[in-house]
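> I'm passing along work-v7.txt; it holds compact mmCIF, C-alpha atoms.
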# COMPACT_ATOMS: atom_id res chain seq x y z
CA MET A 1 65.52 -90.28 106.30
CA SER A 2 68.09 -88.34 104.35
CA THR A 3 68.12 -84.57 104.38
CA ASP A 4 70.86 -84.30 101.78
CA PRO A 5 69.59 -81.57 99.43
CA GLN A 6 70.80 -83.28 96.25
CA SER A 7 69.13 -86.57 97.20
CA PHE A 8 65.94 -84.75 98.02
CA LEU A 9 66.01 -83.10 94.59
CA THR A 10 66.57 -86.50 92.98
CA ALA A 11 63.52 -87.88 94.79
CA LEU A 12 61.46 -84.97 93.49
CA ARG A 13 62.81 -85.44 89.97
CA LEU A 14 62.11 -89.17 89.89
CA SER A 15 58.58 -88.82 91.21
CA ASP A 16 57.64 -85.90 88.97
CA SER A 17 55.40 -86.47 85.95
CA PHE A 18 57.81 -84.05 84.23
CA LEU A 19 60.28 -86.96 84.03
CA PRO A 20 60.04 -87.96 80.35
CA VAL A 21 59.81 -91.74 80.58
CA GLY A 22 56.30 -92.17 79.16
CA GLY A 23 54.55 -92.80 82.46
CA TYR A 24 51.51 -90.93 81.20
CA THR A 25 50.80 -93.68 78.64
CA ALA A 26 50.31 -96.41 81.27
CA SER A 27 47.11 -97.13 83.15
CA TYR A 28 47.94 -100.65 84.42
CA GLY A 29 44.44 -101.90 83.70
CA LEU A 30 42.68 -98.83 85.06
CA GLU A 31 41.37 -97.92 81.61
CA GLN A 32 39.67 -101.30 81.42
CA TYR A 33 38.06 -100.87 84.84
CA LEU A 34 36.59 -97.62 83.48
CA ASN A 35 35.69 -99.19 80.13
CA GLU A 36 33.64 -101.76 82.04
CA ASP A 37 32.06 -99.18 84.36
CA ARG A 38 33.62 -100.79 87.41
CA ILE A 39 34.68 -97.42 88.85
CA GLU A 40 32.05 -94.78 89.31
CA ASP A 41 33.31 -92.34 91.90
CA GLY A 42 36.26 -91.23 93.98
CA ASP A 43 35.56 -93.85 96.66
CA ASP A 44 35.76 -96.65 94.09
CA LEU A 45 38.98 -95.17 92.75
CA GLN A 46 40.51 -94.88 96.19
CA ALA A 47 39.60 -98.47 97.07
CA LEU A 48 41.07 -99.75 93.83
CA LEU A 49 44.32 -97.84 94.20
CA ALA A 50 44.67 -98.97 97.81
CA ALA A 51 44.33 -102.54 96.52
CA TYR A 52 46.98 -101.88 93.86
CA LEU A 53 49.29 -100.65 96.60
CA ARG A 54 48.70 -103.61 98.88
CA ARG A 55 48.64 -106.34 96.23
CA VAL A 56 50.95 -105.14 93.45
CA VAL A 57 53.03 -102.08 94.25
CA GLY A 58 53.98 -103.31 97.74
CA PRO A 59 54.63 -107.04 97.48
CA CYS A 60 55.84 -106.89 93.90
CA GLU A 61 57.33 -103.60 92.71
CA THR A 62 58.51 -102.29 96.08
CA VAL A 63 60.23 -105.59 96.81
CA ALA A 64 61.92 -105.45 93.41
CA LEU A 65 62.94 -101.84 93.90
CA ALA A 66 64.26 -102.39 97.43
CA ASN A 67 66.29 -105.40 96.34
CA ALA A 68 67.61 -103.56 93.30
CA HIS A 69 68.64 -100.77 95.65
CA GLY A 70 70.45 -103.30 97.83
CA ALA A 71 72.15 -104.89 94.83
CA SER A 72 73.24 -101.46 93.71
CA THR A 73 74.77 -100.72 97.12
CA ALA A 74 76.68 -104.01 96.88
CA ALA A 75 77.54 -103.33 93.21
CA ASP A 76 76.18 -106.79 92.49
CA LEU A 77 75.05 -106.99 88.87
CA GLU A 78 74.17 -110.66 89.11
CA THR A 79 71.66 -110.09 91.91
CA LEU A 80 70.28 -107.09 90.08
CA LEU A 81 69.58 -109.21 87.00
CA ALA A 82 67.93 -111.85 89.18
CA VAL A 83 65.62 -109.21 90.69
CA ASP A 84 64.70 -107.99 87.22
CA GLU A 85 64.01 -111.53 86.02
CA ARG A 86 61.82 -112.30 89.01
CA LEU A 87 59.79 -109.12 88.57
CA HIS A 88 59.26 -110.07 84.93
CA ALA A 89 58.06 -113.52 85.99
CA VAL A 90 55.56 -112.30 88.58
CA THR A 91 54.05 -109.57 86.39
CA MET A 92 51.29 -111.46 84.63
CA PRO A 93 49.65 -109.16 82.04
CA GLN A 94 51.77 -108.61 78.98
CA GLU A 95 50.89 -104.92 78.83
CA PHE A 96 51.96 -104.36 82.44
CA ARG A 97 55.34 -105.85 81.57
CA GLU A 98 55.61 -103.73 78.44
CA SER A 99 54.69 -100.47 80.18
CA SER A 100 57.26 -101.20 82.88
CA THR A 101 60.11 -102.28 80.59
CA LYS A 102 59.56 -99.42 78.14
CA ALA A 103 59.71 -96.86 80.95
CA GLY A 104 62.71 -98.64 82.45
CA ALA A 105 64.61 -98.50 79.16
CA LYS A 106 63.76 -94.82 78.77
CA LEU A 107 64.97 -94.01 82.27
CA CYS A 108 68.25 -95.81 81.55
CA GLU A 109 68.72 -93.94 78.28
CA LEU A 110 67.77 -90.60 79.74
CA LEU A 111 70.05 -90.77 82.74
CA GLY A 112 72.83 -92.24 80.62
CA GLU A 113 72.70 -89.24 78.34
CA THR A 114 72.13 -86.51 80.90
CA ALA A 115 74.68 -87.95 83.36
CA ALA A 116 77.30 -88.13 80.61
CA GLU A 117 76.75 -84.45 80.00
CA SER A 118 76.78 -83.44 83.64
CA GLY A 119 80.19 -84.97 84.41
CA PRO A 120 81.64 -87.55 86.78
CA GLU A 121 78.90 -87.36 89.43
CA GLY A 122 76.31 -88.89 87.15
CA GLY A 123 76.67 -92.32 85.55
CA THR A 124 78.34 -95.09 87.49
CA ASP A 125 79.83 -98.42 86.57
CA LEU A 126 76.97 -100.59 87.81
CA GLU A 127 74.35 -98.26 86.37
CA SER A 128 76.14 -98.26 83.01
CA ALA A 129 76.60 -102.03 83.07
CA PHE A 130 72.91 -102.55 83.84
CA ALA A 131 71.88 -100.02 81.20
CA ASP A 132 74.04 -101.85 78.64
CA THR A 133 72.40 -105.16 79.56
CA VAL A 134 68.97 -103.57 79.15
CA ALA A 135 69.96 -101.99 75.83
CA SER A 136 71.18 -105.34 74.50
CA ASP A 137 67.90 -107.02 75.55
CA ASP A 138 69.69 -109.40 77.88
CA THR A 139 67.44 -108.37 80.76
CA PRO A 140 63.92 -106.89 80.67
CA GLY A 141 64.89 -103.69 82.52
CA HIS A 142 61.77 -103.13 84.59
CA TYR A 143 61.10 -99.63 85.77
CA PRO A 144 61.20 -100.33 89.54
CA VAL A 145 64.55 -102.09 89.10
CA VAL A 146 66.10 -99.23 87.14
CA PHE A 147 64.51 -96.82 89.61
CA GLY A 148 66.13 -98.66 92.53
CA VAL A 149 69.57 -98.42 90.96
CA VAL A 150 69.44 -94.77 89.93
CA ALA A 151 67.94 -93.75 93.27
CA GLU A 152 70.62 -95.61 95.25
CA ARG A 153 73.41 -94.21 93.09
CA ARG A 154 72.11 -90.70 93.75
CA GLY A 155 71.92 -91.05 97.50
CA LEU A 156 68.29 -91.91 98.27
CA SER A 157 67.77 -94.35 101.08
CA ARG A 158 65.94 -97.57 100.27
CA LEU A 159 62.72 -96.40 101.91
CA GLU A 160 62.89 -93.00 100.25
CA ALA A 161 63.31 -94.64 96.87
CA CYS A 162 60.32 -96.94 97.52
CA LEU A 163 58.18 -94.01 98.64
CA ALA A 164 59.11 -91.89 95.62
CA HIS A 165 58.24 -94.76 93.30
CA ALA A 166 54.96 -95.69 94.98
CA TYR A 167 53.91 -92.06 95.06
CA SER A 168 54.62 -91.58 91.36
CA PHE A 169 52.81 -94.83 90.52
CA ILE A 170 49.71 -93.55 92.33
CA THR A 171 49.82 -90.05 90.87
CA GLY A 172 50.29 -91.61 87.42
CA LEU A 173 47.12 -93.66 87.84
CA LEU A 174 45.22 -90.73 89.31
CA GLY A 175 46.18 -88.69 86.26
CA ALA A 176 45.00 -91.51 84.01
CA ALA A 177 41.72 -91.71 85.92
CA GLN A 178 41.19 -87.99 85.52
CA ARG A 179 41.79 -88.15 81.79
CA LEU A 180 39.52 -91.18 81.34
CA GLY A 181 36.71 -90.52 83.77
CA ARG A 182 34.94 -87.56 85.22
CA PHE A 183 36.74 -86.71 88.40
CA GLY A 184 37.20 -83.19 89.74
CA HIS A 185 40.67 -82.01 90.63
CA THR A 186 39.69 -81.55 94.28
CA GLU A 187 38.30 -85.09 94.39
CA ILE A 188 41.50 -86.47 92.87
CA GLN A 189 43.60 -84.62 95.44
CA SER A 190 41.34 -85.94 98.22
CA VAL A 191 41.97 -89.49 97.03
CA LEU A 192 45.72 -88.81 96.92
CA GLU A 193 45.66 -87.40 100.43
CA ALA A 194 43.63 -90.32 101.73
CA LEU A 195 46.08 -92.79 100.14
CA GLY A 196 49.12 -91.17 101.77
CA PRO A 197 49.11 -93.44 104.83
CA THR A 198 48.60 -96.52 102.64
CA ILE A 199 51.58 -95.53 100.47
CA ALA A 200 53.78 -95.13 103.56
CA GLU A 201 52.49 -98.27 105.24
CA THR A 202 52.94 -100.37 102.10
CA CYS A 203 56.51 -99.23 101.55
CA GLU A 204 57.48 -99.69 105.18
CA ARG A 205 55.98 -103.16 105.19
CA HIS A 206 57.87 -104.39 102.13
CA VAL A 207 61.11 -102.39 102.11
CA ASP A 208 63.04 -105.16 103.87
CA ASP A 209 61.46 -108.15 102.10
CA GLU A 210 63.76 -110.70 100.51
CA VAL A 211 63.67 -111.00 96.74
CA THR A 212 62.14 -114.49 97.09
CA ALA A 213 59.09 -112.90 98.75
CA MET A 214 58.28 -111.00 95.56
CA ALA A 215 54.77 -111.90 94.36
CA SER A 216 51.59 -110.21 93.30
CA PHE A 217 48.05 -111.32 93.91
CA ALA A 218 45.57 -109.11 92.10
CA PRO A 219 43.57 -111.40 89.83
CA LEU A 220 40.93 -108.88 88.80
CA ALA A 221 43.52 -106.20 88.01
CA GLU A 222 45.41 -108.77 85.97
CA ILE A 223 42.28 -109.83 84.10
CA MET A 224 41.52 -106.16 83.41
CA GLY A 225 45.07 -105.76 82.13
CA MET A 226 44.63 -108.74 79.81
CA ARG A 227 41.20 -107.71 78.55
CA HIS A 228 42.62 -104.29 77.80
CA GLU A 229 44.72 -105.90 75.05
CA ARG A 230 41.53 -106.41 73.02
CA ALA A 231 39.55 -103.42 74.27
CA GLY A 232 37.44 -101.48 71.80
CA ARG A 233 38.67 -98.21 73.24
CA ARG A 234 42.35 -97.85 74.08
CA LEU A 235 43.82 -94.49 75.00
CA PHE A 236 46.56 -96.04 77.11
CA MET A 237 49.23 -98.64 76.37
CA SER A 238 48.20 -100.73 79.37
CA MET B 1 29.51 -65.40 95.32
CA GLY B 2 31.99 -67.60 93.52
CA TYR B 3 32.26 -70.15 90.75
CA ARG B 4 30.06 -72.58 92.67
CA ASP B 5 27.14 -70.16 92.53
CA VAL B 6 26.82 -69.94 88.77
CA ALA B 7 25.91 -72.45 86.06
CA LYS B 8 28.91 -73.37 83.96
CA VAL B 9 28.72 -74.85 80.46
CA GLY B 10 31.86 -76.18 78.79
CA LEU B 11 32.33 -76.38 75.04
CA GLY B 12 35.10 -78.64 73.79
CA GLY B 13 36.01 -80.11 70.45
CA PRO B 14 38.65 -80.24 67.74
CA VAL B 15 40.16 -77.17 66.12
CA GLY B 16 37.80 -75.78 63.49
CA SER B 17 34.74 -77.79 64.51
CA GLY B 18 32.71 -74.68 65.25
CA LYS B 19 33.00 -74.11 69.00
CA THR B 20 33.38 -70.35 68.57
CA ALA B 21 30.56 -70.26 66.03
CA LEU B 22 28.30 -72.08 68.48
CA VAL B 23 29.21 -69.68 71.30
CA LYS B 24 28.40 -66.79 68.96
CA ARG B 25 24.99 -68.36 68.27
CA LEU B 26 24.18 -69.29 71.87
CA VAL B 27 25.09 -66.01 73.57
CA PRO B 28 22.44 -63.85 71.81
CA GLU B 29 19.80 -66.54 72.36
CA LEU B 30 20.60 -66.78 76.08
CA VAL B 31 20.64 -62.99 76.43
CA ASP B 32 17.28 -62.85 74.62
CA GLU B 33 15.90 -65.29 77.18
CA GLY B 34 16.95 -62.86 79.89
CA TYR B 35 20.05 -64.57 81.25
CA ASP B 36 23.16 -62.76 82.39
CA VAL B 37 25.93 -64.52 80.50
CA GLY B 38 29.72 -64.61 80.79
CA VAL B 39 32.12 -66.06 78.23
CA ILE B 40 35.59 -67.48 78.72
CA ALA B 41 37.73 -68.43 75.75
CA ASN B 42 40.62 -70.81 76.29
CA ASP B 43 40.97 -71.08 72.55
CA ILE B 44 43.29 -68.12 72.26
CA MET B 45 46.81 -67.42 71.08
CA THR B 46 46.84 -63.79 72.16
CA GLN B 47 44.55 -61.50 74.12
CA GLU B 48 43.67 -60.09 70.72
CA ASP B 49 41.40 -63.13 70.29
CA ALA B 50 39.51 -62.25 73.45
CA ASP B 51 39.16 -58.70 72.11
CA VAL B 52 37.50 -60.14 69.01
CA PHE B 53 34.97 -61.84 71.30
CA ARG B 54 34.40 -58.62 73.20
CA GLU B 55 33.75 -56.90 69.91
CA SER B 56 31.33 -59.62 68.76
CA PHE B 57 29.35 -59.37 71.97
CA ALA B 58 29.73 -55.59 72.37
CA ASP B 59 25.97 -54.99 72.27
CA LEU B 60 25.11 -58.05 74.32
CA LEU B 61 27.52 -58.42 77.21
CA PRO B 62 29.48 -56.11 79.48
CA GLU B 63 33.10 -56.03 78.38
CA ASP B 64 34.27 -57.48 81.70
CA LEU B 65 32.19 -60.62 81.22
CA VAL B 66 34.36 -61.78 78.33
CA GLU B 67 37.73 -63.19 79.28
CA GLY B 68 40.57 -65.00 77.58
CA VAL B 69 42.50 -67.56 79.62
CA GLU B 70 45.93 -68.58 78.35
CA THR B 71 46.65 -72.23 79.09
CA GLY B 72 50.40 -72.39 78.55
CA ALA B 73 50.02 -74.41 75.34
CA CYS B 74 48.20 -77.11 77.35
CA PRO B 75 44.49 -76.76 76.50
CA HIS B 76 43.54 -80.09 78.09
CA THR B 77 45.23 -79.28 81.38
CA GLY B 78 43.42 -75.97 81.63
CA ILE B 79 39.97 -77.56 81.55
CA ARG B 80 40.70 -80.93 83.14
CA GLU B 81 43.63 -81.56 85.51
CA ASP B 82 44.07 -78.01 86.72
CA PRO B 83 41.17 -75.68 85.93
CA SER B 84 42.19 -73.21 88.65
CA MET B 85 42.82 -70.28 86.28
CA ASN B 86 39.44 -70.75 84.63
CA LEU B 87 37.77 -70.95 88.03
CA ALA B 88 39.62 -67.79 89.09
CA ALA B 89 38.26 -66.00 86.01
CA ILE B 90 34.73 -67.13 86.89
CA ASP B 91 35.23 -65.94 90.48
CA GLU B 92 36.11 -62.51 89.10
CA PHE B 93 32.97 -62.55 86.93
CA THR B 94 30.75 -63.35 89.90
CA GLU B 95 32.40 -60.74 92.12
CA ARG B 96 31.73 -58.05 89.55
CA HIS B 97 28.34 -59.42 88.51
CA PRO B 98 26.61 -61.18 91.41
CA ASP B 99 23.50 -61.76 89.27
CA LEU B 100 25.38 -63.77 86.68
CA ASP B 101 23.38 -66.82 85.56
CA VAL B 102 25.63 -68.81 83.29
CA VAL B 103 29.20 -68.90 81.99
CA LEU B 104 30.15 -70.49 78.68
CA ILE B 105 33.70 -71.85 78.72
CA GLU B 106 35.19 -72.59 75.34
CA SER B 107 38.17 -74.92 75.45
CA GLY B 108 41.17 -74.87 73.18
CA GLY B 109 40.95 -77.13 70.15
CA ASP B 110 41.75 -80.75 70.89
CA ASN B 111 41.99 -84.22 69.38
CA LEU B 112 38.77 -85.85 70.69
CA ALA B 113 40.32 -86.56 74.11
CA ALA B 114 39.29 -83.42 75.97
CA THR B 115 36.79 -83.73 78.77
CA PHE B 116 35.80 -81.06 81.25
CA ASN B 117 36.60 -81.29 84.92
CA PRO B 118 33.18 -81.66 86.59
CA GLU B 119 34.13 -78.89 89.03
CA LEU B 120 34.66 -76.53 86.08
CA ALA B 121 31.65 -77.45 83.94
CA ASP B 122 28.25 -78.54 85.24
CA TYR B 123 27.39 -79.53 81.70
CA PHE B 124 29.64 -80.03 78.73
CA LEU B 125 29.12 -80.01 75.02
CA PHE B 126 31.53 -81.60 72.61
CA VAL B 127 31.44 -80.10 69.12
CA ILE B 128 32.65 -82.05 66.11
CA SER B 129 32.35 -81.25 62.44
CA VAL B 130 31.20 -83.58 59.67
CA ALA B 131 34.12 -82.23 57.64
CA GLU B 132 36.55 -83.96 60.00
CA GLY B 133 35.34 -87.29 58.63
CA GLU B 134 32.29 -89.43 59.17
CA ASP B 135 34.32 -91.84 61.31
CA ILE B 136 34.83 -89.39 64.18
CA PRO B 137 31.99 -90.68 66.43
CA ARG B 138 32.98 -94.32 66.13
CA LYS B 139 36.52 -93.57 67.32
CA ARG B 140 34.91 -93.28 70.76
CA GLY B 141 37.07 -90.42 71.99
CA PRO B 142 36.32 -89.46 75.59
CA GLY B 143 34.95 -86.10 74.41
CA VAL B 144 32.49 -87.83 72.09
CA THR B 145 31.38 -90.48 74.56
CA GLN B 146 31.40 -88.55 77.84
CA ALA B 147 30.01 -85.17 76.83
CA ASP B 148 26.56 -84.40 78.17
CA LEU B 149 25.62 -83.34 74.65
CA LEU B 150 27.41 -84.19 71.41
CA VAL B 151 27.01 -81.52 68.74
CA VAL B 152 27.69 -82.56 65.15
CA ASN B 153 28.22 -79.30 63.31
CA LYS B 154 28.65 -78.16 59.69
CA THR B 155 26.04 -80.55 58.36
CA ASP B 156 25.86 -78.37 55.23
CA LEU B 157 29.35 -79.55 54.28
CA ALA B 158 28.50 -83.26 54.31
CA PRO B 159 27.92 -83.64 50.55
CA HIS B 160 31.15 -81.79 49.79
CA VAL B 161 33.36 -84.04 51.91
CA ASP B 162 31.69 -87.39 51.19
CA ALA B 163 30.38 -87.66 54.74
CA ASP B 164 27.17 -89.63 55.15
CA LEU B 165 25.00 -88.09 57.86
CA ASP B 166 23.12 -91.37 58.27
CA VAL B 167 26.38 -93.13 59.13
CA ILE B 168 27.31 -90.40 61.61
CA GLU B 169 23.85 -90.58 63.18
CA ALA B 170 23.98 -94.37 63.52
CA ASP B 171 27.51 -94.33 64.97
CA ALA B 172 26.76 -91.46 67.35
CA GLY B 173 23.69 -93.33 68.60
CA GLU B 174 25.71 -96.47 69.15
CA VAL B 175 28.65 -94.93 71.00
CA ARG B 176 26.50 -92.61 73.13
CA GLY B 177 23.80 -95.05 74.15
CA ASP B 178 21.01 -93.06 75.78
CA ASP B 179 22.96 -89.80 75.83
CA PRO B 180 21.81 -87.11 73.39
CA PHE B 181 23.39 -85.68 70.26
CA VAL B 182 22.22 -83.02 67.84
CA PHE B 183 23.07 -81.95 64.31
CA THR B 184 23.74 -78.27 63.75
CA ASN B 185 24.75 -75.86 61.05
CA CYS B 186 26.01 -72.86 62.97
CA LYS B 187 26.35 -70.94 59.72
CA ASP B 188 22.59 -70.65 59.24
CA GLY B 189 21.66 -71.44 62.84
CA SER B 190 19.82 -74.68 62.23
CA GLY B 191 19.89 -77.04 65.19
CA VAL B 192 21.08 -74.34 67.57
CA GLY B 193 17.61 -74.13 69.10
CA SER B 194 17.88 -77.77 70.08
CA VAL B 195 21.25 -77.16 71.75
CA LEU B 196 19.72 -74.26 73.63
CA GLU B 197 16.82 -76.44 74.79
CA HIS B 198 19.21 -79.02 76.21
CA VAL B 199 21.29 -76.38 77.99
CA GLU B 200 18.24 -74.64 79.45
CA ARG B 201 16.65 -77.87 80.59
CA GLU B 202 19.76 -79.53 82.04
CA VAL B 203 21.67 -76.57 83.46
CA LEU B 204 19.26 -73.69 83.88
CA PHE B 205 16.38 -75.95 84.87
CA VAL B 206 13.80 -74.33 82.61
What would the structure in this file look like if it were written as structure tokens?

Amino acid sequence: MSTDPQSFLTALRLSDSFLPVGGYTASYGLEQYLNEDRIEDGDDLQALLAAYLRRVVGPCETVALANAHGASTAADLETLLAVDERLHAVTMPQEFRESSTKAGAKLCELLGETAAESGPEGGTDLESAFADTVASDDTPGHYPVVFGVVAERRGLSRLEACLAHAYSFITGLLGAAQRLGRFGHTEIQSVLEALGPTIAETCERHVDDEVTAMASFAPLAEIMGMRHERAGRRLFMS
Amino acid sequence: MGYRDVAKVGLGGPVGSGKTALVKRLVPELVDEGYDVGVIANDIMTQEDADVFRESFADLLPEDLVEGVETGACPHTGIREDPSMNLAAIDEFTERHPDLDVVLIESGGDNLAATFNPELADYFLFVISVAEGEDIPRKRGPGVTQADLLVVNKTDLAPHVDADLDVIEADAGEVRGDDPFVFTNCKDGSGVGSVLEHVEREVLFV
């Protein structure tokens, strides 16, 4: 693991809800689980999020992120676009795709603008080329893919990048759960603490997967994501 | 003694719905019933607001049982994701007044989305006003649907703002299922007795 201070700060920045990429508007189907009273307490929430990690975040998003990171190291735009396309194909619910691509586009824009202002250390050729392709709608620009590139370009190792992403995914959903349901802050932190080993285990398991291994199998979460499109109550975009 | 040893009642709701007016009605009633009451206002812009509360309750409550908690322009966060400053204020209340029975916590004005952290409020009321539009209940905001008690205030204004109380009643019944709601007019006090009954029964176990 890297101990480079600047990389460490980048990991904190990318996994912080302070990062203005709209993460707080996404629930990835969680709102629908709550709409249908399928989650009643912290244990239910923890079990669901562990399943998200094992079935979606790990085999799908982490694989995309890790391969995007690798493509970034190799400065290989073609592979990067292939990773993005595959992630788009394996993400079934429309709203999941939209939440991910909207956040991805915002991260591209944000880092493009702030890096330009902070001088030569920021934006890089591959990052700019990918951001241009996203901006021109020639690739979906999924969040884990953009995340993989910006993390690699700023010195995070592949595993660190995967961990930072998985952690922020989970804290994003815990925040959504707290806003939608009735969970105490201590209970939410207990769930987060209990999920720590699952986050680490999931990332370690999938960090070296080939891009062709990318797949998700979470039928109920996907059905919840699809039902959410027509839900009577919608506070979240997904 | 700490925040876990005292009953805590949250009051949330949009700006101008009558949360402060309801607190002003409930405090004298609770004091009359013999309870030791504390009040926390999150709905403040300056400590001057808390001073106004202290003045209102000067004959009813010790000055150090009225507190204003600034929430850094994030009223939802203060009562939901991170209620630690509110809990710290309650801890101070209980240290100074070990016999304290109940604390009323008024949230900052919101947009129907505010809910209370269950560690901060054992029971929470969501106050809306008929003047905000008769469609408020059917929007199914988390405050409206999840509150332990929905309070529909300013019923006296209904005819002046073309709000049909029958529509509000039907919608509130539909979105809340078996959970209760009451109509109030905090200006003349009507309905406040019913709110008090709910609070006493559900939180103070009377």
> Give as a ChimeraX atom specification each residue that has an atom at most 12 Å from (44.3, -103.4, 75.0) in the file, counting only C-alpha atoms.
/A:26-33,35,93-96,98-99,223-238
> Given the selection you just returned, output its residues as a file containing C-alpha atoms, formatted as a PDB file, in the coordinates of the input.

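Printed below is again.pdb as written:
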ATOM      1  CA  ALA A  26      50.310 -96.410  81.270  1.00  0.00           C
ATOM      2  CA  SER A  27      47.110 -97.130  83.150  1.00  0.00           C
ATOM      3  CA  TYR A  28      47.940-100.650  84.420  1.00  0.00           C
ATOM      4  CA  GLY A  29      44.440-101.900  83.700  1.00  0.00           C
ATOM      5  CA  LEU A  30      42.680 -98.830  85.060  1.00  0.00           C
ATOM      6  CA  GLU A  31      41.370 -97.920  81.610  1.00  0.00           C
ATOM      7  CA  GLN A  32      39.670-101.300  81.420  1.00  0.00           C
ATOM      8  CA  TYR A  33      38.060-100.870  84.840  1.00  0.00           C
ATOM      9  CA  ASN A  35      35.690 -99.190  80.130  1.00  0.00           C
ATOM     10  CA  PRO A  93      49.650-109.160  82.040  1.00  0.00           C
ATOM     11  CA  GLN A  94      51.770-108.610  78.980  1.00  0.00           C
ATOM     12  CA  GLU A  95      50.890-104.920  78.830  1.00  0.00           C
ATOM     13  CA  PHE A  96      51.960-104.360  82.440  1.00  0.00           C
ATOM     14  CA  GLU A  98      55.610-103.730  78.440  1.00  0.00           C
ATOM     15  CA  SER A  99      54.690-100.470  80.180  1.00  0.00           C
ATOM     16  CA  ILE A 223      42.280-109.830  84.100  1.00  0.00           C
ATOM     17  CA  MET A 224      41.520-106.160  83.410  1.00  0.00           C
ATOM     18  CA  GLY A 225      45.070-105.760  82.130  1.00  0.00           C
ATOM     19  CA  MET A 226      44.630-108.740  79.810  1.00  0.00           C
ATOM     20  CA  ARG A 227      41.200-107.710  78.550  1.00  0.00           C
ATOM     21  CA  HIS A 228      42.620-104.290  77.800  1.00  0.00           C
ATOM     22  CA  GLU A 229      44.720-105.900  75.050  1.00  0.00           C
ATOM     23  CA  ARG A 230      41.530-106.410  73.020  1.00  0.00           C
ATOM     24  CA  ALA A 231      39.550-103.420  74.270  1.00  0.00           C
ATOM     25  CA  GLY A 232      37.440-101.480  71.800  1.00  0.00           C
ATOM     26  CA  ARG A 233      38.670 -98.210  73.240  1.00  0.00           C
ATOM     27  CA  ARG A 234      42.350 -97.850  74.080  1.00  0.00           C
ATOM     28  CA  LEU A 235      43.820 -94.490  75.000  1.00  0.00           C
ATOM     29  CA  PHE A 236      46.560 -96.040  77.110  1.00  0.00           C
ATOM     30  CA  MET A 237      49.230 -98.640  76.370  1.00  0.00           C
ATOM     31  CA  SER A 238      48.200-100.730  79.370  1.00  0.00           C
TER      32      SER A 238
END
> With only C-alpha atoms as the counted atoms, please give the residues lying no more than 7 Å from B:Ala163, apart from itself and same-chain residues fewer than 4 positions off, as a PyMOL selection string.
chain B and resi 130+133-134+158-159
> Counting all atoms listed in the file, give me one row per residue of chain A with an atom at most 10 Å from an atom of chain B, showing the shortest contact pair and its distance in Å to one decimal, sorted by chain then residue number, as a Markdown table.

| residue | atom | partner | partner_atom | distance |
| --- | --- | --- | --- | --- |
| A:Gly175 | CA | B:Glu81 | CA | 7.6 |
| A:Gln178 | CA | B:Glu81 | CA | 6.9 |
| A:Arg179 | CA | B:Thr115 | CA | 7.3 |
| A:Leu180 | CA | B:Pro142 | CA | 6.8 |
| A:Gly181 | CA | B:Gln146 | CA | 8.2 |
| A:Arg182 | CA | B:Pro118 | CA | 6.3 |
| A:Phe183 | CA | B:Pro118 | CA | 6.4 |
| A:Gly184 | CA | B:Asn117 | CA | 5.2 |
| A:His185 | CA | B:Glu81 | CA | 5.9 |
| A:Thr186 | CA | B:Glu119 | CA | 8.1 |
| A:Glu187 | CA | B:Glu119 | CA | 9.2 |
| A:Ile188 | CA | B:Glu81 | CA | 9.1 |
| A:Gly232 | CA | B:Arg140 | CA | 8.6 |
| A:Arg233 | CA | B:Arg140 | CA | 6.7 |
| A:Arg234 | CA | B:Arg140 | CA | 9.3 |
| A:Leu235 | CA | B:Gly141 | CA | 8.4 |
> Using all atoms listed in the file for the distances, tell me which of B:Gly38, B:Gly189, B:Pro137, B:Pro28 is nearest to B:Arg176.
B:Pro137
> In Å, how far is it from atom CA of A:Val149 to atom CA of A:Glu127?
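Distance reported for this atom pair: 6.6 Å.
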> With a distance cut-off of 7 Å and all atoms listed in the file, select the neighbouring residues of B:Ile128, excluding the residue or stretch itself and same-chain residues fewer than 3 positions from it, and output the selection as a list in words.
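Non-adjacent residues within range: Gly13, Pro14, Ser17, Val151, Val152 and Asn153 of chain B.
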> List the neighbours of B:Phe183 out to 9 Å using only C-alpha atoms; skip same-chain residues closer than 6 positions along the sequence, and give me the result as a list in words.
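After dropping sequence-adjacent residues, the list is Leu150, Val151, Val152, Asn153, Lys154, Thr155, Glu169, Ser190, Gly191, Val192 and Ser194 of chain B.
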> Grab the residues selected above and save them as a compact mmCIF listing (two decimals), in the coordinates of the input with C-alpha atoms.

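The result, written out as out.txt:
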# COMPACT_ATOMS: atom_id res chain seq x y z
CA LEU B 150 27.41 -84.19 71.41
CA VAL B 151 27.01 -81.52 68.74
CA VAL B 152 27.69 -82.56 65.15
CA ASN B 153 28.22 -79.30 63.31
CA LYS B 154 28.65 -78.16 59.69
CA THR B 155 26.04 -80.55 58.36
CA GLU B 169 23.85 -90.58 63.18
CA SER B 190 19.82 -74.68 62.23
CA GLY B 191 19.89 -77.04 65.19
CA VAL B 192 21.08 -74.34 67.57
CA SER B 194 17.88 -77.77 70.08
> Which residue is closest to A:Phe18? Choose from A:Thr171, A:Ile199, A:Arg205, A:Asp84 and count only C-alpha atoms.
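Among the listed residues, A:Thr171 lies closest to A:Phe18.
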> Fewer than 5 positions away in the same chain doesn't count, so skip those; otherwise give me all residues within 12 Å of B:Ser56, counting all atoms listed in the file, as a list in words.
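Non-adjacent residues within range: Thr20, Ala21, Val23, Lys24, Arg25, Val27, Pro28, Val39, Asp49, Ala50, Asp51, Leu61, Pro62, Glu63 and Val66 of chain B.
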> Pick the closest to B:Leu196 from B:Val31, B:Cys74, B:Glu92, B:Met1: which is it, counting only C-alpha atoms?
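Looking at the shortest contact to B:Leu196, the residue is B:Val31.
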